[in-house]
>>> print(open('input_38.csv').read())   # CSV, C-alpha atoms
chain,number,residue,atom,x,y,z
A,1,MET,CA,52.5,143.8,20.8
A,2,ALA,CA,49.6,142.3,18.8
A,3,GLN,CA,47.2,144.4,20.8
A,4,ASN,CA,49.3,147.5,20.1
A,5,LYS,CA,49.2,146.7,16.4
A,6,ASN,CA,45.4,146.3,16.5
A,7,ALA,CA,45.1,149.7,18.2
A,8,GLN,CA,47.3,151.4,15.6
A,9,ILE,CA,45.1,150.0,12.8
A,10,ARG,CA,42.0,151.1,14.5
A,11,TYR,CA,43.3,154.7,15.1
A,12,LYS,CA,44.2,155.0,11.5
A,13,ALA,CA,40.8,153.7,10.4
A,14,LEU,CA,39.0,156.1,12.8
A,15,ASP,CA,41.2,159.0,11.6
A,16,LYS,CA,40.0,158.4,8.1
A,17,CYS,CA,36.4,158.5,9.2
A,18,PHE,CA,36.7,161.6,11.3
A,19,ALA,CA,38.6,163.4,8.5
A,20,ASN,CA,35.9,162.7,6.0
A,21,GLN,CA,33.8,165.9,6.0
A,22,TYR,CA,31.4,164.6,3.4
A,23,ARG,CA,29.9,161.7,5.3
A,24,LYS,CA,28.3,161.3,8.8
A,25,PHE,CA,29.9,158.5,10.8
A,26,TYR,CA,27.6,157.3,13.6
A,27,ILE,CA,28.9,154.8,16.2
A,28,ASP,CA,27.7,151.8,14.3
A,29,ASP,CA,29.4,153.1,11.2
A,30,LEU,CA,32.7,153.4,13.1
A,31,ILE,CA,32.3,149.9,14.5
A,32,ASP,CA,31.6,148.4,11.0
A,33,TYR,CA,34.5,150.3,9.3
A,34,CYS,CA,37.1,149.3,11.9
A,35,SER,CA,35.9,145.7,11.9
A,36,ASP,CA,36.1,145.6,8.1
A,37,ILE,CA,39.7,147.1,8.1
A,38,LEU,CA,40.9,144.6,10.7
A,39,SER,CA,39.2,141.7,8.9
A,40,ASP,CA,41.0,142.7,5.7
A,41,HIS,CA,44.3,143.1,7.5
A,42,TYR,CA,44.2,139.7,9.2
A,43,ALA,CA,42.3,137.9,6.4
A,44,GLN,CA,39.8,136.6,9.0
A,45,GLU,CA,36.6,137.9,10.5
A,46,THR,CA,37.3,140.4,13.3
A,47,THR,CA,34.8,142.4,15.3
A,48,VAL,CA,35.4,145.6,17.3
A,49,SER,CA,33.2,146.3,20.3
A,50,ARG,CA,31.3,149.6,20.9
A,51,ARG,CA,33.2,150.1,24.2
A,52,GLN,CA,36.5,149.7,22.3
A,53,ILE,CA,35.6,152.5,19.9
A,54,PHE,CA,34.8,154.9,22.7
A,55,ASP,CA,38.0,154.0,24.5
A,56,ASP,CA,39.9,154.6,21.2
A,57,MET,CA,38.3,158.0,20.8
A,58,ASP,CA,39.2,159.0,24.4
A,59,PHE,CA,42.8,158.0,23.8
A,60,MET,CA,43.0,159.8,20.5
A,61,LYS,CA,41.7,163.0,22.2
A,62,SER,CA,44.2,162.7,25.1
A,63,GLU,CA,47.7,164.3,25.3
A,64,ALA,CA,49.2,160.8,25.5
A,65,GLY,CA,47.5,160.1,22.2
A,66,TYR,CA,47.2,162.6,19.4
A,67,ASP,CA,45.3,165.6,20.8
A,68,ALA,CA,42.7,164.8,18.2
A,69,PRO,CA,39.9,167.4,17.9
A,70,ILE,CA,37.1,164.8,17.8
A,71,GLU,CA,33.7,166.3,18.3
A,72,SER,CA,30.2,164.7,18.6
A,73,VAL,CA,27.5,166.4,16.6
A,74,LYS,CA,23.8,165.8,17.4
A,75,ASP,CA,21.7,164.7,14.4
A,76,GLY,CA,18.2,164.4,15.7
A,77,ARG,CA,18.2,161.6,18.3
A,78,MET,CA,21.6,160.3,17.0
A,79,VAL,CA,25.2,161.5,17.2
A,80,PHE,CA,27.9,161.4,14.6
A,81,TYR,CA,31.6,162.0,15.0
A,82,ARG,CA,34.1,164.1,13.1
A,83,TYR,CA,37.2,166.4,13.5
A,84,SER,CA,36.3,170.0,14.3
A,85,ASP,CA,39.4,170.9,12.3
A,86,PRO,CA,38.9,169.6,8.7
A,87,GLU,CA,42.7,169.7,8.1
A,88,PHE,CA,43.6,167.6,11.1
A,89,THR,CA,44.9,164.0,10.7
A,90,ILE,CA,47.0,161.9,13.0
A,91,LEU,CA,49.2,161.0,10.1
A,92,LYS,CA,50.8,164.4,10.3
A,93,LYS,CA,51.4,164.2,14.1
A,94,PRO,CA,54.8,163.1,15.5
A,95,LEU,CA,55.0,159.7,17.2
A,96,ASN,CA,53.6,159.7,20.7
A,97,PRO,CA,55.5,158.4,23.7
A,98,ALA,CA,53.8,155.0,23.6
A,99,GLU,CA,54.6,154.6,19.8
A,100,MET,CA,58.2,155.6,20.5
A,101,ASP,CA,58.5,153.0,23.3
A,102,SER,CA,57.0,150.3,21.0
A,103,LEU,CA,59.4,151.2,18.2
A,104,GLN,CA,62.4,151.2,20.5
A,105,ALA,CA,61.4,147.7,21.8
A,106,ALA,CA,61.2,146.5,18.2
A,107,LEU,CA,64.6,147.9,17.5
A,108,GLU,CA,66.1,146.1,20.4
A,109,THR,CA,64.6,142.8,19.2
A,110,LEU,CA,65.9,143.4,15.7
A,111,SER,CA,69.4,144.2,16.9
A,112,ARG,CA,69.6,140.7,18.5
A,113,MET,CA,68.9,139.2,15.1
A,114,ASN,CA,71.6,141.2,13.4
A,115,ASN,CA,74.3,138.5,13.4
A,116,ILE,CA,72.0,135.5,12.7
A,117,PRO,CA,72.8,133.9,9.3
A,118,GLY,CA,70.2,134.8,6.7
A,119,PHE,CA,69.2,138.1,8.5
A,120,ASP,CA,71.6,140.4,6.7
A,121,TRP,CA,68.6,142.5,5.7
A,122,VAL,CA,68.1,143.6,9.3
A,123,ASN,CA,71.1,146.0,9.0
A,124,SER,CA,69.4,148.2,6.5
A,125,LEU,CA,66.1,148.0,8.3
A,126,LEU,CA,67.7,149.0,11.6
A,127,THR,CA,69.4,151.9,10.0
A,128,LYS,CA,66.1,153.1,8.4
A,129,LEU,CA,64.2,152.9,11.7
A,130,GLN,CA,66.9,154.5,13.7
A,131,SER,CA,67.2,157.3,11.2
A,132,GLY,CA,63.5,158.0,11.6
A,133,ILE,CA,63.8,158.1,15.4
A,134,SER,CA,66.8,160.4,15.1
A,135,ALA,CA,65.0,162.7,12.7
A,136,GLU,CA,62.1,162.8,15.1
A,137,LYS,CA,64.3,163.8,18.0
A,138,GLN,CA,66.7,166.1,16.2
A,139,LYS,CA,64.3,167.5,13.6
A,140,GLN,CA,67.1,166.8,11.1
A,141,GLN,CA,67.3,164.0,8.5
A,142,ILE,CA,70.8,162.7,7.9
A,143,ILE,CA,70.1,159.7,5.7
A,144,SER,CA,67.5,158.9,3.0
A,145,PHE,CA,66.2,155.7,1.4
A,146,GLU,CA,64.8,154.9,-2.0
A,147,ASP,CA,61.0,154.8,-1.6
A,148,ASN,CA,58.2,155.6,-4.0
A,149,GLU,CA,55.5,157.3,-1.8
A,150,PHE,CA,53.2,157.5,-4.9
A,151,LEU,CA,53.3,153.8,-5.6
A,152,LYS,CA,49.9,152.2,-5.9
A,153,GLY,CA,48.9,148.9,-4.4
A,154,LEU,CA,50.8,149.1,-1.1
A,155,GLU,CA,47.5,148.8,0.8
A,156,PHE,CA,47.3,145.2,-0.5
A,157,LEU,CA,50.7,144.2,0.9
A,158,ASN,CA,49.7,143.2,4.4
A,159,PRO,CA,46.4,141.6,3.5
A,160,LEU,CA,48.2,139.4,0.9
A,161,PHE,CA,50.8,138.5,3.6
A,162,GLN,CA,48.0,137.4,5.8
A,163,PHE,CA,46.3,135.4,3.1
A,164,ILE,CA,49.6,133.6,2.4
A,165,LEU,CA,50.1,132.8,6.2
A,166,ASN,CA,46.5,131.5,6.4
A,167,LYS,CA,46.8,129.5,3.2
A,168,GLN,CA,43.6,131.0,1.8
A,169,CYS,CA,42.6,131.1,-1.8
A,170,LEU,CA,41.9,134.5,-3.4
A,171,ALA,CA,39.9,136.0,-6.2
A,172,ILE,CA,42.0,138.9,-7.5
A,173,THR,CA,40.5,141.6,-9.7
A,174,TYR,CA,43.4,142.7,-11.9
A,175,LYS,CA,44.0,144.9,-14.9
A,176,GLY,CA,47.4,144.6,-16.6
A,177,PHE,CA,49.1,147.5,-18.4
A,178,SER,CA,48.1,146.3,-21.8
A,179,ALA,CA,44.7,144.8,-20.9
A,180,GLU,CA,41.6,146.5,-22.2
A,181,LYS,CA,39.4,145.3,-19.3
A,182,GLU,CA,39.7,143.8,-15.8
A,183,ASN,CA,40.2,140.1,-15.2
A,184,ILE,CA,39.5,138.0,-12.1
A,185,PHE,CA,42.2,135.4,-11.3
A,186,THR,CA,41.7,132.7,-8.8
A,187,VAL,CA,45.0,132.3,-7.0
A,188,SER,CA,46.6,130.4,-4.2
A,189,PRO,CA,49.1,133.0,-2.9
A,190,TYR,CA,52.6,131.9,-2.0
A,191,TYR,CA,55.2,134.6,-2.1
A,192,LEU,CA,55.8,138.4,-2.1
A,193,LYS,CA,58.8,140.0,-3.7
A,194,GLN,CA,60.0,143.5,-4.2
A,195,TYR,CA,61.9,144.4,-7.4
A,196,ASN,CA,62.8,147.7,-8.9
A,197,ASN,CA,60.8,149.5,-6.1
A,198,ARG,CA,57.6,147.6,-7.0
A,199,TRP,CA,55.9,144.6,-5.2
A,200,PHE,CA,54.8,141.4,-6.9
A,201,LEU,CA,52.7,138.5,-5.7
A,202,PHE,CA,53.6,135.0,-6.9
A,203,GLY,CA,50.9,132.3,-6.7
A,204,HIS,CA,49.3,129.3,-8.4
A,205,ASN,CA,46.7,130.4,-11.0
A,206,HIS,CA,43.9,127.9,-10.8
A,207,HIS,CA,42.8,128.4,-14.3
A,208,VAL,CA,46.1,128.0,-16.2
A,209,GLU,CA,47.6,125.7,-13.5
A,210,LYS,CA,50.9,127.4,-13.2
A,211,ILE,CA,52.8,130.0,-11.2
A,212,GLN,CA,51.8,133.6,-12.0
A,213,ASN,CA,53.2,136.9,-10.9
A,214,LEU,CA,51.0,139.9,-10.4
A,215,ALA,CA,52.1,143.4,-9.7
A,216,LEU,CA,50.4,144.9,-6.7
A,217,ASP,CA,50.0,148.3,-8.4
A,218,ARG,CA,47.7,146.6,-11.0
A,219,ILE,CA,45.5,144.9,-8.4
A,220,ILE,CA,42.1,146.5,-8.1
A,221,LYS,CA,40.4,144.3,-5.4
A,222,LEU,CA,41.0,141.2,-3.3
A,223,ASP,CA,38.3,138.8,-2.3
A,224,SER,CA,38.6,135.5,-0.4
A,225,CYS,CA,37.1,132.5,-2.2
A,226,ASN,CA,36.0,129.0,-1.3
A,227,GLU,CA,38.2,127.1,-3.8
A,228,VAL,CA,40.7,124.6,-2.3
A,229,TYR,CA,44.1,126.1,-1.6
A,230,GLU,CA,46.8,124.6,-3.7
A,231,GLU,CA,49.8,123.8,-1.5
A,232,CYS,CA,53.1,125.3,-2.6
A,233,SER,CA,55.8,123.0,-3.8
A,234,MET,CA,58.0,125.7,-5.2
A,235,ASN,CA,61.4,126.6,-3.7
A,236,PHE,CA,61.4,130.4,-4.4
A,237,ALA,CA,65.1,130.7,-3.7
A,238,GLU,CA,65.6,128.3,-6.6
A,239,TYR,CA,62.9,130.0,-8.7
A,240,PHE,CA,64.7,133.3,-8.7
A,241,LYS,CA,68.2,131.8,-8.9
A,242,ASN,CA,68.5,131.8,-12.7
A,243,ILE,CA,66.8,135.1,-13.6
A,244,ILE,CA,67.2,138.9,-13.2
A,245,GLY,CA,63.9,140.4,-11.9
A,246,VAL,CA,60.6,138.6,-11.6
A,247,SER,CA,59.8,137.2,-15.1
A,248,ASN,CA,60.5,133.5,-15.2
A,249,ASP,CA,59.5,131.2,-18.1
A,250,LEU,CA,60.4,127.8,-16.7
A,251,THR,CA,60.1,126.3,-20.2
A,252,LYS,CA,63.2,128.2,-21.3
A,253,ASP,CA,66.7,127.0,-20.8
A,254,VAL,CA,69.4,128.8,-18.8
A,255,VAL,CA,71.9,130.2,-21.3
A,256,GLU,CA,75.3,131.9,-21.2
A,257,VAL,CA,75.1,135.6,-21.9
A,258,LYS,CA,78.3,137.4,-22.8
A,259,ILE,CA,78.5,141.2,-22.6
A,260,LYS,CA,81.4,143.5,-23.5
A,261,LEU,CA,81.8,146.2,-20.9
A,262,SER,CA,83.3,149.7,-21.4
A,263,ASP,CA,86.2,150.8,-19.2
A,264,ASN,CA,83.9,153.3,-17.5
A,265,ILE,CA,81.4,150.8,-16.3
A,266,LEU,CA,83.8,148.0,-15.4
A,267,PRO,CA,84.5,149.0,-11.7
A,268,TYR,CA,80.7,149.6,-11.2
A,269,ILE,CA,79.8,146.1,-12.4
A,270,LYS,CA,82.5,144.5,-10.3
A,271,SER,CA,81.3,146.3,-7.1
A,272,LYS,CA,77.6,145.8,-7.8
A,273,PRO,CA,77.0,142.4,-9.6
A,274,VAL,CA,74.2,142.2,-12.1
A,275,HIS,CA,73.5,138.6,-11.1
A,276,GLY,CA,74.8,135.9,-8.8
A,277,SER,CA,76.3,134.0,-11.7
A,278,GLN,CA,78.4,136.9,-12.8
A,279,ASP,CA,81.9,136.3,-13.9
A,280,VAL,CA,84.1,139.2,-15.3
A,281,LYS,CA,87.3,138.5,-17.1
A,282,GLU,CA,89.1,141.5,-18.6
A,283,ASN,CA,86.1,143.5,-20.2
A,284,ILE,CA,83.8,140.5,-20.7
A,285,LEU,CA,80.8,140.0,-18.4
A,286,THR,CA,79.4,136.4,-18.4
A,287,LEU,CA,76.0,135.6,-16.9
A,288,LYS,CA,74.2,132.2,-16.8
A,289,VAL,CA,70.5,133.2,-16.8
A,290,ARG,CA,67.1,132.8,-18.6
A,291,LEU,CA,66.5,135.5,-21.1
A,292,ASN,CA,63.7,137.9,-20.0
A,293,PHE,CA,62.5,141.4,-20.2
A,294,GLU,CA,64.3,142.5,-17.0
A,295,LEU,CA,67.7,141.4,-18.5
A,296,GLU,CA,67.0,143.4,-21.6
A,297,SER,CA,66.1,146.5,-19.5
A,298,THR,CA,69.3,146.1,-17.5
A,299,ILE,CA,71.4,146.0,-20.6
A,300,LEU,CA,69.6,149.0,-22.2
A,301,PHE,CA,69.8,151.0,-19.0
A,302,HIS,CA,73.6,151.0,-19.3
A,303,GLY,CA,73.4,152.2,-22.9
A,304,GLU,CA,76.7,152.3,-24.8
A,305,ASN,CA,78.6,150.9,-21.8
A,306,MET,CA,77.2,147.3,-22.6
A,307,THR,CA,77.4,145.4,-25.9
A,308,VAL,CA,75.8,142.0,-26.0
A,309,LEU,CA,78.0,139.4,-27.8
A,310,GLU,CA,76.1,136.2,-27.1
A,311,PRO,CA,73.7,134.5,-27.5
A,312,PRO,CA,72.5,135.6,-31.0
A,313,GLU,CA,68.8,135.7,-29.8
A,314,MET,CA,69.6,138.4,-27.2
A,315,VAL,CA,71.8,140.3,-29.7
A,316,GLU,CA,68.9,140.5,-32.1
A,317,ARG,CA,66.4,141.5,-29.3
A,318,ILE,CA,68.6,144.4,-28.2
A,319,LYS,CA,69.2,145.5,-31.8
A,320,LYS,CA,65.5,145.5,-32.5
A,321,ARG,CA,64.8,147.6,-29.4
A,322,LEU,CA,67.6,150.1,-30.4
A,323,VAL,CA,66.3,150.4,-33.9
A,324,GLU,CA,62.8,151.2,-32.6
A,325,MET,CA,64.2,153.8,-30.2
A,326,ASN,CA,66.2,155.4,-33.0
A,327,ASN,CA,63.1,155.5,-35.2
A,328,ASN,CA,61.1,157.3,-32.4
A,329,TYR,CA,63.7,160.0,-32.3
A,330,LEU,CA,63.8,160.3,-36.1
A,331,CYS,CA,60.0,160.7,-36.2
A,332,THR,CA,60.4,163.4,-33.5
A,333,SER,CA,63.0,165.3,-35.5
A,334,THR,CA,60.9,165.1,-38.6
A,335,ALA,CA,57.8,166.4,-36.8
A,336,GLN,CA,59.8,169.4,-35.6
>>> encode(input="input_38.csv", output="structure tokens")
Amino acid sequence: MAQNKNAQIRYKALDKCFANQYRKFYIDDLIDYCSDILSDHYAQETTVSRRQIFDDMDFMKSEAGYDAPIESVKDGRMVFYRYSDPEFTILKKPLNPAEMDSLQAALETLSRMNNIPGFDWVNSLLTKLQSGISAEKQKQQIISFEDNEFLKGLEFLNPLFQFILNKQCLAITYKGFSAEKENIFTVSPYYLKQYNNRWFLFGHNHHVEKIQNLALDRIIKLDSCNEVYEECSMNFAEYFKNIIGVSNDLTKDVVEVKIKLSDNILPYIKSKPVHGSQDVKENILTLKVRLNFELESTILFHGENMTVLEPPEMVERIKKRLVEMNNNYLCTSTAQ
């Protein structure tokens, strides 16, 4: 399976080279590019042989592969490689039989994990994979999932996963939404979490000596560094227990938040809890959490259907946000 995975990574890397009509890729260029991609993917030095690249090209050109229109073009005494059709890419091709077999084998393995405690997530993953296979066979999609295909930073997801597995320190070039310039953070990476359709990395920031979360869509570059990896002592199940979302100021206390619910939203909140600590009695929702931006956003998202009663600090924060929103619309009306 690992070999199959390496091959898929190489095919995608080569596809990118052959589709680039503005640069000549000679055999040494292809070797270097594939080696770099695999090294980034596994967070360790990986080298691809010359023979392997030629074997990959033969497979990509075959009917069992992608029927890829790879051509060799003489350039003096050298030869470079490209697609004869500038519009071709293997990413637009349906899965080949070998890929379908690999996916089916993975599905069978996942199905055996289905009833193991702690693997509830397998259900949704199985459904998603099986829907993809069904759509491929039937040419008809019967289920969709919430994905953001335009989300930036997803290319860092697997390299970060590998850095965490290998316990390797990172230098992360990062630019926050409100930052005027890029920053470089030295981080021991620990944990990846998805929230609100975005991915976040949690790790020990060596400069401030505390846990920091970084949004993958704000990461510009990853580099390995030689600083000593700081071992993780954090239980992340506990870390997220008392918050909504990903912002967690451990210096703050957990407080009781009481929210009045409208009759319209009451059934929705009962069927889809806001937080694990949720308790609903009559029309009052009680949460035991740390106050953070995501909690505010959740309350504001439900608009007039939620009214914060306690604590006073959260009441004032929501009031302030609503006043600012109202002022924005007043300014808009005046301008018109």
>>> residues_near_point(input="input_38.csv", point="(35.3, 148.0, 19.4)", cutoff="9 Å", atoms="only C-alpha atoms", output="MDAnalysis selection string")
chainID A and resid 10 30:31 34:35 47:56
>>> closest_residue(input="input_38.csv", among="A:Trp199, A:Phe293, A:Tyr191, A:Phe161", to="Ala237 (chain A)", atoms="only C-alpha atoms")
A:Tyr191
>>> residues_around(input="input_38.csv", residues="region 200-209 of chain A", least_positions_apart="4", cutoff="7 Å", atoms="only C-alpha atoms", output="ChimeraX atom specification")
/A:185-194,213-216
>>> residues_around(input="input_38.csv", residues="region 238-249 of chain A", least_positions_apart="2", cutoff="9 Å", atoms="only C-alpha atoms", output="list in words")
Lys193, Gln194, Tyr195, Asn196, Phe200, Asn213, Met234, Asn235, Phe236, Thr251, Lys252, Asp253, Val254, Val274, His275, Gly276, Ser277, Lys288, Val289, Arg290, Leu291, Asn292, Phe293, Glu294, Leu295 and Thr298 of chain A
>>> atom_distance(input="input_38.csv", atom1="CA of Glu180 (chain A)", atom2="CA of Asp217 (chain A)")
16.3 Å
>>> closest_residue(input="input_38.csv", among="A:Lys319, A:Lys258, A:Lys210, A:Arg23", to="Leu287 (chain A)", atoms="only C-alpha atoms")
A:Lys258
>>> residues_around(input="input_38.csv", residues="region 301-303 of chain A", least_positions_apart="5", cutoff="12 Å", atoms="only C-alpha atoms", output="PyMOL selection string")
chain A and resi 259-262+264-266+268-269+274+294-296+308+318-319+321-322+325
>>> atom_distance(input="input_38.csv", atom1="CA of Asp32 (chain A)", atom2="CA of Gln44 (chain A)")
14.5 Å
>>> build_atoms(input="input_38.csv", residues="region 50-60 of chain A", atoms="all heavy atoms", output="PDB file, keeping the file's coordinate frame")
ATOM      1  N   ARG A  50      31.682 148.169  20.768  1.00  0.00           N
ATOM      2  CA  ARG A  50      31.300 149.600  20.900  1.00  0.00           C
ATOM      3  C   ARG A  50      32.143 150.252  21.991  1.00  0.00           C
ATOM      4  O   ARG A  50      32.607 151.373  21.805  1.00  0.00           O
ATOM      5  CB  ARG A  50      29.796 149.576  21.367  1.00  0.00           C
ATOM      6  CG  ARG A  50      29.169 150.956  21.506  1.00  0.00           C
ATOM      7  CD  ARG A  50      27.766 150.814  22.075  1.00  0.00           C
ATOM      8  NE  ARG A  50      27.082 152.098  22.141  1.00  0.00           N
ATOM      9  CZ  ARG A  50      26.307 152.584  21.191  1.00  0.00           C
ATOM     10  NH1 ARG A  50      26.123 151.889  20.073  1.00  0.00           N
ATOM     11  NH2 ARG A  50      25.713 153.750  21.325  1.00  0.00           N
ATOM     12  N   ARG A  51      32.394 149.536  23.112  1.00  0.00           N
ATOM     13  CA  ARG A  51      33.200 150.100  24.200  1.00  0.00           C
ATOM     14  C   ARG A  51      34.625 150.403  23.691  1.00  0.00           C
ATOM     15  O   ARG A  51      35.218 151.424  24.064  1.00  0.00           O
ATOM     16  CB  ARG A  51      33.286 149.047  25.335  1.00  0.00           C
ATOM     17  CG  ARG A  51      34.112 149.438  26.542  1.00  0.00           C
ATOM     18  CD  ARG A  51      33.455 150.549  27.328  1.00  0.00           C
ATOM     19  NE  ARG A  51      33.953 151.878  26.981  1.00  0.00           N
ATOM     20  CZ  ARG A  51      33.337 152.999  27.248  1.00  0.00           C
ATOM     21  NH1 ARG A  51      32.165 152.991  27.827  1.00  0.00           N
ATOM     22  NH2 ARG A  51      33.873 154.147  26.902  1.00  0.00           N
ATOM     23  N   GLN A  52      35.167 149.524  22.832  1.00  0.00           N
ATOM     24  CA  GLN A  52      36.500 149.700  22.300  1.00  0.00           C
ATOM     25  C   GLN A  52      36.609 151.005  21.496  1.00  0.00           C
ATOM     26  O   GLN A  52      37.583 151.752  21.590  1.00  0.00           O
ATOM     27  CB  GLN A  52      36.940 148.528  21.459  1.00  0.00           C
ATOM     28  CG  GLN A  52      38.374 148.593  20.954  1.00  0.00           C
ATOM     29  CD  GLN A  52      39.387 148.537  22.070  1.00  0.00           C
ATOM     30  OE1 GLN A  52      39.582 147.516  22.688  1.00  0.00           O
ATOM     31  NE2 GLN A  52      40.044 149.664  22.347  1.00  0.00           N
ATOM     32  N   ILE A  53      35.602 151.269  20.687  1.00  0.00           N
ATOM     33  CA  ILE A  53      35.600 152.500  19.900  1.00  0.00           C
ATOM     34  C   ILE A  53      35.615 153.732  20.737  1.00  0.00           C
ATOM     35  O   ILE A  53      36.369 154.684  20.480  1.00  0.00           O
ATOM     36  CB  ILE A  53      34.401 152.505  18.898  1.00  0.00           C
ATOM     37  CG1 ILE A  53      34.489 151.350  17.893  1.00  0.00           C
ATOM     38  CG2 ILE A  53      34.327 153.847  18.165  1.00  0.00           C
ATOM     39  CD1 ILE A  53      35.681 151.425  16.960  1.00  0.00           C
ATOM     40  N   PHE A  54      34.810 153.730  21.802  1.00  0.00           N
ATOM     41  CA  PHE A  54      34.800 154.900  22.700  1.00  0.00           C
ATOM     42  C   PHE A  54      36.121 155.045  23.427  1.00  0.00           C
ATOM     43  O   PHE A  54      36.609 156.163  23.621  1.00  0.00           O
ATOM     44  CB  PHE A  54      33.626 154.773  23.694  1.00  0.00           C
ATOM     45  CG  PHE A  54      32.284 155.123  23.100  1.00  0.00           C
ATOM     46  CD1 PHE A  54      31.254 154.190  23.073  1.00  0.00           C
ATOM     47  CD2 PHE A  54      32.052 156.385  22.567  1.00  0.00           C
ATOM     48  CE1 PHE A  54      30.024 154.513  22.521  1.00  0.00           C
ATOM     49  CE2 PHE A  54      30.822 156.725  22.025  1.00  0.00           C
ATOM     50  CZ  PHE A  54      29.805 155.780  21.995  1.00  0.00           C
ATOM     51  N   ASP A  55      36.716 153.923  23.836  1.00  0.00           N
ATOM     52  CA  ASP A  55      38.000 154.000  24.500  1.00  0.00           C
ATOM     53  C   ASP A  55      39.078 154.541  23.500  1.00  0.00           C
ATOM     54  O   ASP A  55      39.957 155.331  23.885  1.00  0.00           O
ATOM     55  CB  ASP A  55      38.475 152.593  24.942  1.00  0.00           C
ATOM     56  CG  ASP A  55      37.695 152.136  26.171  1.00  0.00           C
ATOM     57  OD1 ASP A  55      37.053 152.979  26.820  1.00  0.00           O
ATOM     58  OD2 ASP A  55      37.736 150.920  26.470  1.00  0.00           O
ATOM     59  N   ASP A  56      38.999 154.116  22.241  1.00  0.00           N
ATOM     60  CA  ASP A  56      39.900 154.600  21.200  1.00  0.00           C
ATOM     61  C   ASP A  56      39.788 156.108  21.015  1.00  0.00           C
ATOM     62  O   ASP A  56      40.785 156.835  20.890  1.00  0.00           O
ATOM     63  CB  ASP A  56      39.704 153.883  19.886  1.00  0.00           C
ATOM     64  CG  ASP A  56      40.169 152.439  19.908  1.00  0.00           C
ATOM     65  OD1 ASP A  56      40.937 152.074  20.830  1.00  0.00           O
ATOM     66  OD2 ASP A  56      39.772 151.677  19.013  1.00  0.00           O
ATOM     67  N   MET A  57      38.549 156.578  20.985  1.00  0.00           N
ATOM     68  CA  MET A  57      38.300 158.000  20.800  1.00  0.00           C
ATOM     69  C   MET A  57      38.883 158.805  21.996  1.00  0.00           C
ATOM     70  O   MET A  57      39.486 159.861  21.821  1.00  0.00           O
ATOM     71  CB  MET A  57      36.833 158.305  20.612  1.00  0.00           C
ATOM     72  CG  MET A  57      36.324 157.948  19.217  1.00  0.00           C
ATOM     73  SD  MET A  57      34.720 158.696  18.832  1.00  0.00           S
ATOM     74  CE  MET A  57      33.618 157.634  19.755  1.00  0.00           C
ATOM     75  N   ASP A  58      38.676 158.278  23.211  1.00  0.00           N
ATOM     76  CA  ASP A  58      39.200 159.000  24.400  1.00  0.00           C
ATOM     77  C   ASP A  58      40.736 159.039  24.324  1.00  0.00           C
ATOM     78  O   ASP A  58      41.330 160.074  24.658  1.00  0.00           O
ATOM     79  CB  ASP A  58      38.803 158.198  25.672  1.00  0.00           C
ATOM     80  CG  ASP A  58      37.329 158.375  25.995  1.00  0.00           C
ATOM     81  OD1 ASP A  58      36.726 159.338  25.475  1.00  0.00           O
ATOM     82  OD2 ASP A  58      36.779 157.546  26.742  1.00  0.00           O
ATOM     83  N   PHE A  59      41.379 157.948  23.895  1.00  0.00           N
ATOM     84  CA  PHE A  59      42.800 158.000  23.800  1.00  0.00           C
ATOM     85  C   PHE A  59      43.306 158.929  22.715  1.00  0.00           C
ATOM     86  O   PHE A  59      44.252 159.697  22.918  1.00  0.00           O
ATOM     87  CB  PHE A  59      43.362 156.559  23.463  1.00  0.00           C
ATOM     88  CG  PHE A  59      44.855 156.529  23.219  1.00  0.00           C
ATOM     89  CD1 PHE A  59      45.745 156.561  24.276  1.00  0.00           C
ATOM     90  CD2 PHE A  59      45.359 156.494  21.919  1.00  0.00           C
ATOM     91  CE1 PHE A  59      47.122 156.558  24.059  1.00  0.00           C
ATOM     92  CE2 PHE A  59      46.725 156.491  21.690  1.00  0.00           C
ATOM     93  CZ  PHE A  59      47.612 156.522  22.767  1.00  0.00           C
ATOM     94  N   MET A  60      42.634 158.924  21.570  1.00  0.00           N
ATOM     95  CA  MET A  60      43.000 159.800  20.500  1.00  0.00           C
ATOM     96  C   MET A  60      42.906 161.279  20.871  1.00  0.00           C
ATOM     97  O   MET A  60      43.695 162.123  20.436  1.00  0.00           O
ATOM     98  CB  MET A  60      42.188 159.521  19.226  1.00  0.00           C
ATOM     99  CG  MET A  60      42.487 158.165  18.589  1.00  0.00           C
ATOM    100  SD  MET A  60      41.374 157.769  17.212  1.00  0.00           S
ATOM    101  CE  MET A  60      41.950 158.921  15.960  1.00  0.00           C
TER     102      MET A  60
END
